[in-house]
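Novice: Compact mmCIF, C-alpha atoms, file query_24.txt:
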# COMPACT_ATOMS: atom_id res chain seq x y z
CA MET A 1 49.98 164.66 104.18
CA ALA A 2 49.47 161.46 106.20
CA GLU A 3 51.65 158.50 105.25
CA GLY A 4 49.96 155.38 103.84
CA GLY A 5 46.80 153.99 105.43
CA ALA A 6 43.22 154.79 104.53
CA ALA A 7 42.20 157.93 102.74
CA ARG A 8 40.82 159.27 106.00
CA GLY A 9 44.44 159.59 107.02
CA ARG A 10 44.57 162.59 104.75
CA GLY A 11 43.02 164.50 107.59
CA ALA A 12 41.81 167.98 106.90
CA GLU A 13 42.30 167.77 103.14
CA ALA A 14 39.03 168.14 101.27
CA LYS A 15 37.54 164.97 99.84
CA ARG A 16 36.86 165.43 96.15
CA VAL A 17 34.81 162.59 94.75
CA VAL A 18 34.45 161.55 91.15
CA PHE A 19 31.25 159.58 90.65
CA VAL A 20 30.95 157.34 87.60
CA THR A 21 27.52 156.01 86.63
CA VAL A 22 26.30 153.71 83.85
CA GLY A 23 22.67 153.65 84.99
CA THR A 24 20.96 150.33 84.38
CA THR A 25 23.11 149.53 81.37
CA CYS A 26 26.17 147.39 80.83
CA PHE A 27 28.97 149.74 79.82
CA ASP A 28 32.19 147.81 80.42
CA ALA A 29 34.16 150.10 78.10
CA LEU A 30 33.59 153.05 80.44
CA VAL A 31 34.33 151.11 83.64
CA ARG A 32 37.49 149.78 82.00
CA ALA A 33 38.52 153.25 80.85
CA VAL A 34 38.05 154.72 84.32
CA ASP A 35 40.09 151.86 85.80
CA GLN A 36 43.08 152.77 83.62
CA GLN A 37 46.11 154.25 85.36
CA GLU A 38 46.15 157.07 82.81
CA VAL A 39 42.66 158.20 83.80
CA LYS A 40 43.23 157.76 87.52
CA GLN A 41 46.46 159.74 87.36
CA GLY A 42 44.68 162.41 85.36
CA LEU A 43 42.00 162.70 88.03
CA LEU A 44 44.60 162.82 90.81
CA ALA A 45 46.43 165.57 88.96
CA LYS A 46 43.20 167.58 88.91
CA GLY A 47 42.90 167.26 92.67
CA TYR A 48 40.35 164.47 93.01
CA THR A 49 40.77 162.05 95.89
CA HIS A 50 38.05 159.45 95.51
CA LEU A 51 36.57 157.51 92.63
CA ILE A 52 33.22 155.74 93.06
CA ILE A 53 31.98 153.60 90.20
CA GLN A 54 28.34 152.57 89.81
CA MET A 55 28.82 149.76 87.33
CA GLY A 56 25.24 148.59 86.69
CA ARG A 57 25.01 145.39 84.69
CA GLY A 58 28.66 145.48 83.71
CA THR A 59 30.82 142.37 83.87
CA TYR A 60 34.21 144.06 84.21
CA ILE A 61 35.17 144.48 87.87
CA PRO A 62 37.37 147.50 88.61
CA THR A 63 40.17 147.40 91.19
CA LYS A 64 39.31 148.70 94.63
CA SER A 65 41.86 150.81 96.42
CA GLU A 66 42.22 152.30 99.88
CA GLY A 67 43.83 155.36 98.36
CA GLU A 68 47.24 155.59 99.95
CA THR A 69 49.32 158.65 99.33
CA GLY A 70 49.64 159.39 95.66
CA SER A 71 46.72 157.27 94.58
CA LEU A 72 42.99 157.60 94.18
CA ALA A 73 40.68 155.76 96.60
CA VAL A 74 38.51 153.56 94.39
CA ASP A 75 35.26 151.81 95.24
CA TYR A 76 32.40 150.40 93.19
CA PHE A 77 28.88 149.04 93.43
CA THR A 78 26.33 147.72 90.93
CA PHE A 79 23.04 149.43 91.66
CA SER A 80 21.42 151.60 94.25
CA SER A 81 17.80 152.66 94.55
CA SER A 82 18.79 156.27 94.08
CA ILE A 83 22.07 157.78 92.97
CA ALA A 84 20.93 161.23 94.04
CA ASP A 85 23.10 161.20 97.18
CA HIS A 86 26.15 160.07 95.22
CA LEU A 87 25.55 162.81 92.68
CA ARG A 88 25.14 165.41 95.41
CA SER A 89 28.40 164.53 97.13
CA ALA A 90 30.40 164.34 93.90
CA SER A 91 32.74 167.05 92.62
CA LEU A 92 32.74 165.56 89.14
CA VAL A 93 30.34 163.14 87.49
CA ILE A 94 31.25 160.86 84.59
CA SER A 95 28.12 159.34 83.15
CA HIS A 96 26.78 157.23 80.32
CA ALA A 97 24.61 159.12 77.85
CA GLY A 98 21.23 158.30 79.40
CA SER A 99 19.00 161.37 79.52
CA GLY A 100 17.91 160.61 83.09
CA SER A 101 21.47 160.60 84.45
CA ILE A 102 22.38 163.64 82.39
CA PHE A 103 19.52 165.86 83.53
CA GLU A 104 19.62 164.68 87.14
CA THR A 105 23.28 165.73 87.23
CA LEU A 106 22.79 169.02 85.39
CA ARG A 107 19.92 170.00 87.69
CA LEU A 108 22.27 169.53 90.67
CA CYS A 109 24.73 171.86 88.87
CA LYS A 110 27.51 169.27 88.96
CA PRO A 111 30.33 169.25 86.39
CA LEU A 112 29.63 166.41 83.99
CA ILE A 113 31.52 164.37 81.42
CA VAL A 114 29.21 162.24 79.32
CA VAL A 115 30.77 159.16 77.75
CA VAL A 116 28.96 157.80 74.74
CA ASN A 117 28.71 154.02 74.37
CA GLU A 118 29.82 153.27 70.83
CA ASP A 119 28.73 149.65 71.09
CA LEU A 120 25.06 150.60 71.16
CA MET A 121 23.19 150.20 67.91
CA ASP A 122 21.28 153.24 66.70
CA ASN A 123 22.92 155.47 69.26
CA HIS A 124 20.52 158.38 69.34
CA GLN A 125 21.66 159.16 72.87
CA ALA A 126 24.86 160.57 71.41
CA GLU A 127 22.78 163.35 69.83
CA LEU A 128 21.69 164.64 73.23
CA ALA A 129 25.22 164.50 74.69
CA GLU A 130 26.68 166.27 71.64
CA GLU A 131 24.04 168.98 71.62
CA LEU A 132 24.49 169.74 75.33
CA ALA A 133 28.30 169.71 74.86
CA GLU A 134 27.96 172.20 72.00
CA ARG A 135 25.92 174.40 74.33
CA LYS A 136 28.77 174.04 76.85
CA HIS A 137 26.71 172.42 79.59
CA LEU A 138 28.96 169.35 79.78
CA TYR A 139 31.93 167.61 78.18
CA CYS A 140 31.41 164.73 75.80
CA ALA A 141 33.93 161.94 75.37
CA ARG A 142 34.40 158.39 74.17
CA PRO A 143 35.92 155.69 76.39
CA GLN A 144 39.23 155.90 74.49
CA THR A 145 39.43 159.70 74.70
CA LEU A 146 38.33 160.06 78.33
CA HIS A 147 41.85 160.57 79.68
CA GLN A 148 42.37 163.36 77.17
CA THR A 149 39.10 165.07 78.09
CA ILE A 150 40.04 164.93 81.76
CA SER A 151 43.45 166.47 81.28
CA GLU A 152 42.17 169.19 78.93
CA MET A 153 38.90 170.06 80.65
CA ASN A 154 38.26 173.45 82.15
CA LEU A 155 35.22 173.02 84.36
CA GLU A 156 35.01 176.76 85.01
CA SER A 157 34.07 177.25 81.37
CA LEU A 158 30.95 175.10 81.61
CA LEU A 159 27.67 177.00 81.54
CA PRO A 160 24.99 176.22 84.12
CA TYR A 161 21.96 174.42 82.74
CA GLN A 162 18.66 176.22 83.24
CA PRO A 163 15.99 173.67 84.22
CA GLY A 164 13.26 173.09 81.69
CA ASP A 165 9.72 174.27 81.85
CA ALA A 166 6.57 172.40 80.95
CA THR A 167 4.38 175.52 80.82
CA PRO A 168 4.60 175.99 77.03
CA VAL A 169 3.20 172.49 76.50
CA ALA A 170 0.40 173.04 78.99
CA LYS A 171 -0.50 176.36 77.33
CA LEU A 172 -0.67 174.86 73.84
CA ILE A 173 -2.74 171.92 75.03
CA ASN A 174 -5.14 174.19 76.91
CA ARG A 175 -5.49 176.43 73.89
CA PHE A 176 -6.24 173.46 71.64
CA LEU A 177 -8.84 172.14 74.06
CA GLY A 178 -10.48 175.55 74.16
CA PHE A 179 -9.71 176.51 77.72
CA PRO A 180 -9.48 180.27 78.34
CA GLU A 181 -5.97 181.72 78.76
CA ASP A 182 -5.11 182.63 82.33
CA MET B 1 -2.80 150.06 84.76
CA GLN B 2 -0.91 147.99 82.27
CA ILE B 3 -1.04 148.29 78.52
CA TYR B 4 0.57 145.90 76.09
CA ARG B 5 3.52 146.70 73.82
CA SER B 6 3.22 145.82 70.15
CA ARG B 7 6.84 144.72 70.11
CA GLU B 8 9.58 144.26 72.70
CA VAL B 9 13.08 145.53 71.90
CA GLY B 10 14.74 142.90 69.73
CA GLN B 11 11.61 140.84 69.20
CA SER B 12 11.41 139.12 65.81
CA TYR B 13 9.19 140.92 63.33
CA ILE B 14 7.17 137.82 62.59
CA THR B 15 5.97 137.28 66.16
CA SER B 16 5.48 141.05 66.37
CA VAL B 17 2.47 140.74 64.06
CA TRP B 18 0.64 138.72 66.69
CA THR B 19 1.69 140.83 69.69
CA THR B 20 0.69 143.96 67.76
CA LEU B 21 -2.80 142.55 67.17
CA VAL B 22 -3.08 141.68 70.86
CA ALA B 23 -1.95 145.18 71.80
CA LEU B 24 -4.47 146.75 69.40
CA ALA B 25 -7.33 144.63 70.77
CA HIS B 26 -6.37 145.56 74.31
CA ALA B 27 -6.13 149.24 73.35
CA LEU B 28 -9.61 149.11 71.84
CA TRP B 29 -10.98 147.59 75.03
CA LEU B 30 -9.28 150.28 77.13
CA MET B 31 -10.59 153.08 74.88
CA LEU B 32 -14.16 151.84 75.09
CA ARG B 33 -13.94 151.33 78.84
CA ILE B 34 -12.21 154.58 79.81
CA ARG B 35 -13.31 156.87 76.95
CA PRO B 36 -10.51 159.37 77.60
CA GLN B 37 -10.96 162.93 76.39
CA VAL B 38 -7.23 163.43 76.26
CA ILE B 39 -4.44 161.02 75.44
CA LEU B 40 -1.03 162.41 76.41
CA CYS B 41 1.95 160.29 75.55
CA ASN B 42 5.66 160.49 74.91
CA GLY B 43 6.57 157.29 73.10
CA PRO B 44 8.15 154.72 73.39
CA GLY B 45 6.25 152.42 71.10
CA THR B 46 3.88 151.39 73.89
CA CYS B 47 1.64 154.32 73.05
CA ILE B 48 1.23 153.49 69.35
CA PRO B 49 -1.60 150.90 69.56
CA LEU B 50 -3.58 153.23 71.81
CA CYS B 51 -3.03 156.24 69.54
CA MET B 52 -3.88 154.24 66.41
CA ILE B 53 -7.13 152.97 67.93
CA ALA B 54 -8.08 156.47 69.09
CA PHE B 55 -7.27 157.79 65.62
CA LEU B 56 -9.23 155.01 63.89
CA LEU B 57 -12.29 155.79 66.00
CA LYS B 58 -11.96 159.45 65.02
CA VAL B 59 -11.71 158.57 61.33
CA LEU B 60 -14.85 156.48 61.68
CA GLY B 61 -16.57 159.48 63.20
CA ILE B 62 -17.00 157.96 66.65
CA GLY B 63 -13.84 159.34 68.24
CA TRP B 64 -13.74 161.60 71.27
CA SER B 65 -10.06 161.79 72.27
CA SER B 66 -7.56 164.54 71.58
CA ILE B 67 -4.14 163.02 71.07
CA PHE B 68 -1.03 164.86 72.21
CA TYR B 69 2.45 163.45 71.68
CA VAL B 70 5.62 164.80 73.31
CA GLU B 71 8.82 163.57 71.64
CA SER B 72 11.58 162.52 74.03
CA ILE B 73 14.14 165.11 75.10
CA ALA B 74 16.82 162.69 73.92
CA ARG B 75 15.61 163.18 70.34
CA VAL B 76 17.54 166.21 69.06
CA ARG B 77 18.01 165.70 65.33
CA ARG B 78 15.94 162.61 64.48
CA LEU B 79 12.50 161.52 65.57
CA SER B 80 11.94 158.19 67.30
CA LEU B 81 10.11 155.50 65.31
CA SER B 82 6.96 156.15 67.36
CA GLY B 83 7.28 159.85 66.67
CA LEU B 84 7.77 159.30 62.94
CA ILE B 85 4.72 157.06 62.72
CA LEU B 86 2.48 159.49 64.58
CA TYR B 87 3.82 162.52 62.69
CA LYS B 88 3.69 161.08 59.16
CA LEU B 89 0.25 159.55 59.60
CA ARG B 90 -0.97 162.78 61.21
CA VAL B 91 -2.34 160.83 64.15
CA ALA B 92 -1.54 163.35 66.88
CA ASP B 93 -3.58 166.53 67.19
CA LYS B 94 -0.51 168.24 68.58
CA PHE B 95 3.03 166.95 68.15
CA PHE B 96 5.56 168.51 70.54
CA VAL B 97 9.35 168.49 70.11
CA GLN B 98 11.90 169.74 72.61
CA TRP B 99 14.66 170.89 70.26
CA PRO B 100 14.49 173.53 67.51
CA GLN B 101 16.29 171.34 64.96
CA LEU B 102 13.35 168.93 64.94
CA GLN B 103 10.86 171.71 64.43
CA ARG B 104 12.78 172.91 61.37
CA LYS B 105 12.79 169.38 59.99
CA TYR B 106 9.18 168.63 60.88
CA PRO B 107 7.30 171.90 60.47
CA ARG B 108 3.94 170.61 61.69
CA ALA B 109 5.52 169.99 65.10
CA ASP B 110 5.35 172.50 67.95
CA TYR B 111 8.69 173.42 69.52
CA VAL B 112 8.24 173.77 73.29
CA GLY B 113 11.83 173.83 74.57
CA CYS B 114 13.31 171.34 77.02
CA LEU B 115 10.86 170.01 79.56
CA MET B 116 13.52 168.65 81.94
As structure tokens, what does this structure read like?
Specialist:
Amino acid sequence: MAEGGAARGRGAEAKRVVFVTVGTTCFDALVRAVDQQEVKQGLLAKGYTHLIIQMGRGTYIPTKSEGETGSLAVDYFTFSSSIADHLRSASLVISHAGSGSIFETLRLCKPLIVVVNEDLMDNHQAELAEELAERKHLYCARPQTLHQTISEMNLESLLPYQPGDATPVAKLINRFLGFPED
Amino acid sequence: MQIYRSREVGQSYITSVWTTLVALAHALWLMLRIRPQVILCNGPGTCIPLCMIAFLLKVLGIGWSSIFYVESIARVRRLSLSGLILYKLRVADKFFVQWPQLQRKYPRADYVGCLM
């Protein structure tokens, strides 16, 4: 292992990126949680090398790091026109409970931890995260329990999500409108 | 094409009365101009004025639009406010939900599985 310097000094070791996204929301509690030593150590212990935080409208600024030996390389940004590339190059995604982020990640077959924002009023988003967690498509956590979820998670046990299908809706609409069945 | 919302998130209920009337008037104008045969919507509340106008025209016997509503995939156990309004008032001709729990709770809905 290379001594000190930038993460690229790690040479041939595989880069394993954790991508954190809060979408267009302000979710300081998650950014704060991910910035904790406990969480960063937990991620390192699981073999991750890089942490990229998309912080949206958040006001809490995480600490950047070059990622010298024994520590995670950390970087952050507010928004990007598309997080698809970040999702694709990630080995683990930690996301807020927005349905867009969730399904975009699941469709790319990436391991996902959804963190529910308890500060939101009428948090119906939690229902979706909990249901998908029950069906073992992702892990669900709260900002305070994130470090625990990371240390206890077994990503091999997650079940792949089968993409949805709009055909049933189209069929029912066609039938109602009186179009002949194909 | 832009349509007006009856109420922005967090807007006071008192000013909402006026914005709702504006939205309804605009929806009526759109309906008469476009005369859609099918209205397909998924909430949020933006679709309500349009659906209510289409429904009102039907009740008056001069309607021509079929109204289909697809509840959001994020609604697993409870309907959205838009969904509740359209379901309870029987405004939609077909009311689609993406999770089986909602179909059990709202039997007149059609369960179509996840669309995403």
Novice: Smallest atom-to-atom distance to Glu131 of chain A: which of B:Pro107, B:Ala74, B:Phe95, B:Cys51, using all atoms listed in the file?
Specialist: B:Ala74
Novice: Near Gly43 of chain B, counting all atoms listed in the file, which residues have an atom at most 8 Å away, once you skip same-chain residues fewer than 4 positions from it, shown as a compact mmCIF listing (two decimals) with C-alpha atoms, in the frame of the given file?
Specialist:
# COMPACT_ATOMS: atom_id res chain seq x y z
CA CYS B 47 1.64 154.32 73.05
CA ILE B 48 1.23 153.49 69.35
CA TYR B 69 2.45 163.45 71.68
CA VAL B 70 5.62 164.80 73.31
CA GLU B 71 8.82 163.57 71.64
CA SER B 72 11.58 162.52 74.03
CA SER B 80 11.94 158.19 67.30
CA SER B 82 6.96 156.15 67.36
CA GLY B 83 7.28 159.85 66.67
Novice: Report as a Markdown table the residues of chain B within 8 Å of chain A, each with its shortest atom pair and distance in Å (one decimal), using all atoms listed in the file, ordered by chain and increasing residue number.
Specialist:
| residue | atom | partner | partner_atom | distance |
| --- | --- | --- | --- | --- |
| B:Phe68 | CA | A:Ile173 | CA | 7.8 |
| B:Ile73 | CA | A:Ser99 | CA | 7.6 |
| B:Ala74 | CA | A:Leu128 | CA | 5.3 |
| B:Arg75 | CA | A:Leu128 | CA | 6.9 |
| B:Val76 | CA | A:Glu127 | CA | 6.0 |
| B:Arg77 | CA | A:Glu127 | CA | 7.0 |
| B:Arg78 | CA | A:His124 | CA | 7.9 |
| B:Lys94 | CA | A:Ile173 | CA | 7.8 |
| B:Phe96 | CA | A:Val169 | CA | 7.5 |
| B:Val112 | CA | A:Pro168 | CA | 5.7 |
| B:Gly113 | CA | A:Gly164 | CA | 7.3 |
| B:Cys114 | CA | A:Gly164 | CA | 5.0 |
| B:Leu115 | CA | A:Gly164 | CA | 4.4 |
| B:Met116 | CA | A:Gly164 | CA | 4.5 |
Novice: Excluding segment 55-65 of chain A and any residue of its chain fewer than 5 positions from it, enumerate the residues within 10 Å of it, using all atoms listed in the file, and give them as a PyMOL selection string.
Specialist: chain A and resi 6-7+20-36+50+71-80
Novice: Find the residue from B:Thr46, B:Ser65, B:Gln98, B:Gln103 that sits nearest to Leu32 of chain B; use all atoms listed in the file when measuring.
Specialist: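 Under the stated criterion, the closest residue is B:Ser65.
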Novice: What is the atom CA of Leu30 of chain B-atom CA of Leu79 of chain B distance in Å, reported with one decimal?
Specialist: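 Going from atom CA of Leu30 of chain B over to atom CA of Leu79 of chain B, I get 27.1 Å.
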Novice: Have a look at atom CA of Pro143 of chain A and atom CA of Gly10 of chain B and let me know their distance in Å, one decimal.
Specialist: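 Taking atom CA of Pro143 of chain A as the start and atom CA of Gly10 of chain B as the end point, the length is 25.6 Å.
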Novice: I want to know what sits within 9 Å of Trp64 of chain B, based on only C-alpha atoms, with residues of the same chain fewer than 6 positions away left out; could you give that as a compact mmCIF listing (two decimals) with C-alpha atoms, keeping the file's coordinate frame?
Specialist:
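File produced: result.txt:
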# COMPACT_ATOMS: atom_id res chain seq x y z
CA ARG B 35 -13.31 156.87 76.95
CA PRO B 36 -10.51 159.37 77.60
CA GLN B 37 -10.96 162.93 76.39
CA VAL B 38 -7.23 163.43 76.26
CA ALA B 54 -8.08 156.47 69.09
CA LEU B 57 -12.29 155.79 66.00
CA LYS B 58 -11.96 159.45 65.02
Novice: Any idea what the distance is between atom CA of Leu108 of chain A and atom CA of Val18 of chain A?
Specialist: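 The value is 14.6 Å.
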Novice: Any chance you could build segment 90-101 of chain B out to all heavy atoms and write it as a short mmCIF file (atom, residue, chain, number, x, y, z; two decimals), in the coordinates of the input?
Specialist:
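Saved the output as result.cif:
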data_model
loop_
_atom_site.label_atom_id
_atom_site.label_comp_id
_atom_site.auth_asym_id
_atom_site.auth_seq_id
_atom_site.Cartn_x
_atom_site.Cartn_y
_atom_site.Cartn_z
N ARG B 90 -0.16 161.69 60.67
CA ARG B 90 -0.97 162.78 61.21
C ARG B 90 -1.96 162.30 62.27
O ARG B 90 -3.12 162.72 62.30
CB ARG B 90 -1.71 163.52 60.10
CG ARG B 90 -0.76 164.14 59.10
CD ARG B 90 -1.51 164.73 57.91
NE ARG B 90 -0.55 165.22 56.92
CZ ARG B 90 -0.37 166.52 56.63
NH1 ARG B 90 -1.09 167.44 57.26
NH2 ARG B 90 0.51 166.88 55.72
N VAL B 91 -1.48 161.41 63.13
CA VAL B 91 -2.34 160.83 64.15
C VAL B 91 -2.54 161.78 65.33
O VAL B 91 -3.64 161.90 65.87
CB VAL B 91 -1.74 159.49 64.65
CG1 VAL B 91 -2.47 158.98 65.87
CG2 VAL B 91 -1.75 158.47 63.54
N ALA B 92 -1.46 162.48 65.71
CA ALA B 92 -1.54 163.35 66.88
C ALA B 92 -2.18 164.69 66.51
O ALA B 92 -1.93 165.22 65.43
CB ALA B 92 -0.15 163.59 67.46
N ASP B 93 -3.01 165.21 67.41
CA ASP B 93 -3.58 166.53 67.19
C ASP B 93 -2.52 167.60 67.38
O ASP B 93 -2.50 168.62 66.70
CB ASP B 93 -4.74 166.78 68.16
CG ASP B 93 -5.92 165.88 67.84
OD1 ASP B 93 -6.46 166.01 66.72
OD2 ASP B 93 -6.27 165.04 68.68
N LYS B 94 -1.64 167.35 68.37
CA LYS B 94 -0.51 168.24 68.58
C LYS B 94 0.73 167.36 68.77
O LYS B 94 0.68 166.37 69.50
CB LYS B 94 -0.71 169.07 69.87
CG LYS B 94 -1.65 170.24 69.70
CD LYS B 94 -0.91 171.41 69.12
CE LYS B 94 -1.78 172.64 69.03
NZ LYS B 94 -1.27 173.58 68.02
N PHE B 95 1.80 167.73 68.11
CA PHE B 95 3.03 166.95 68.15
C PHE B 95 4.12 167.87 68.69
O PHE B 95 4.49 168.84 68.03
CB PHE B 95 3.35 166.48 66.73
CG PHE B 95 4.46 165.49 66.63
CD1 PHE B 95 4.19 164.13 66.55
CD2 PHE B 95 5.78 165.91 66.63
CE1 PHE B 95 5.23 163.21 66.45
CE2 PHE B 95 6.82 164.99 66.54
CZ PHE B 95 6.54 163.63 66.44
N PHE B 96 4.60 167.60 69.90
CA PHE B 96 5.56 168.51 70.54
C PHE B 96 6.99 167.98 70.44
O PHE B 96 7.23 166.81 70.66
CB PHE B 96 5.21 168.69 72.02
CG PHE B 96 3.86 169.29 72.24
CD1 PHE B 96 2.83 168.52 72.76
CD2 PHE B 96 3.61 170.62 71.91
CE1 PHE B 96 1.56 169.07 72.97
CE2 PHE B 96 2.34 171.18 72.12
CZ PHE B 96 1.32 170.40 72.64
N VAL B 97 7.93 168.86 70.11
CA VAL B 97 9.35 168.49 70.11
C VAL B 97 10.09 169.44 71.03
O VAL B 97 9.68 170.60 71.23
CB VAL B 97 9.96 168.55 68.69
CG1 VAL B 97 9.36 167.47 67.81
CG2 VAL B 97 9.82 169.92 68.06
N GLN B 98 11.19 168.96 71.61
CA GLN B 98 11.90 169.74 72.61
C GLN B 98 13.15 170.43 72.09
O GLN B 98 13.82 171.14 72.85
CB GLN B 98 12.24 168.84 73.81
CG GLN B 98 10.99 168.22 74.43
CD GLN B 98 11.26 167.52 75.74
OE1 GLN B 98 11.95 168.05 76.61
NE2 GLN B 98 10.74 166.31 75.89
N TRP B 99 13.47 170.24 70.82
CA TRP B 99 14.66 170.89 70.26
C TRP B 99 14.30 171.57 68.94
O TRP B 99 13.55 171.02 68.13
CB TRP B 99 15.77 169.86 70.03
CG TRP B 99 16.26 169.25 71.30
CD1 TRP B 99 15.87 168.07 71.85
CD2 TRP B 99 17.25 169.79 72.19
NE1 TRP B 99 16.55 167.85 73.02
CE2 TRP B 99 17.41 168.89 73.26
CE3 TRP B 99 18.03 170.96 72.18
CZ2 TRP B 99 18.29 169.11 74.31
CZ3 TRP B 99 18.91 171.18 73.22
CH2 TRP B 99 19.04 170.27 74.28
N PRO B 100 14.86 172.76 68.71
CA PRO B 100 14.49 173.53 67.51
C PRO B 100 14.84 172.83 66.19
O PRO B 100 14.12 173.00 65.20
CB PRO B 100 15.29 174.83 67.66
CG PRO B 100 16.32 174.57 68.69
CD PRO B 100 15.81 173.49 69.56
N GLN B 101 15.90 172.02 66.20
CA GLN B 101 16.29 171.34 64.96
C GLN B 101 15.15 170.45 64.45
O GLN B 101 14.93 170.33 63.24
CB GLN B 101 17.51 170.42 65.18
CG GLN B 101 18.80 171.12 65.57
CD GLN B 101 18.98 171.22 67.07
OE1 GLN B 101 18.04 171.53 67.80
NE2 GLN B 101 20.20 170.97 67.53
#
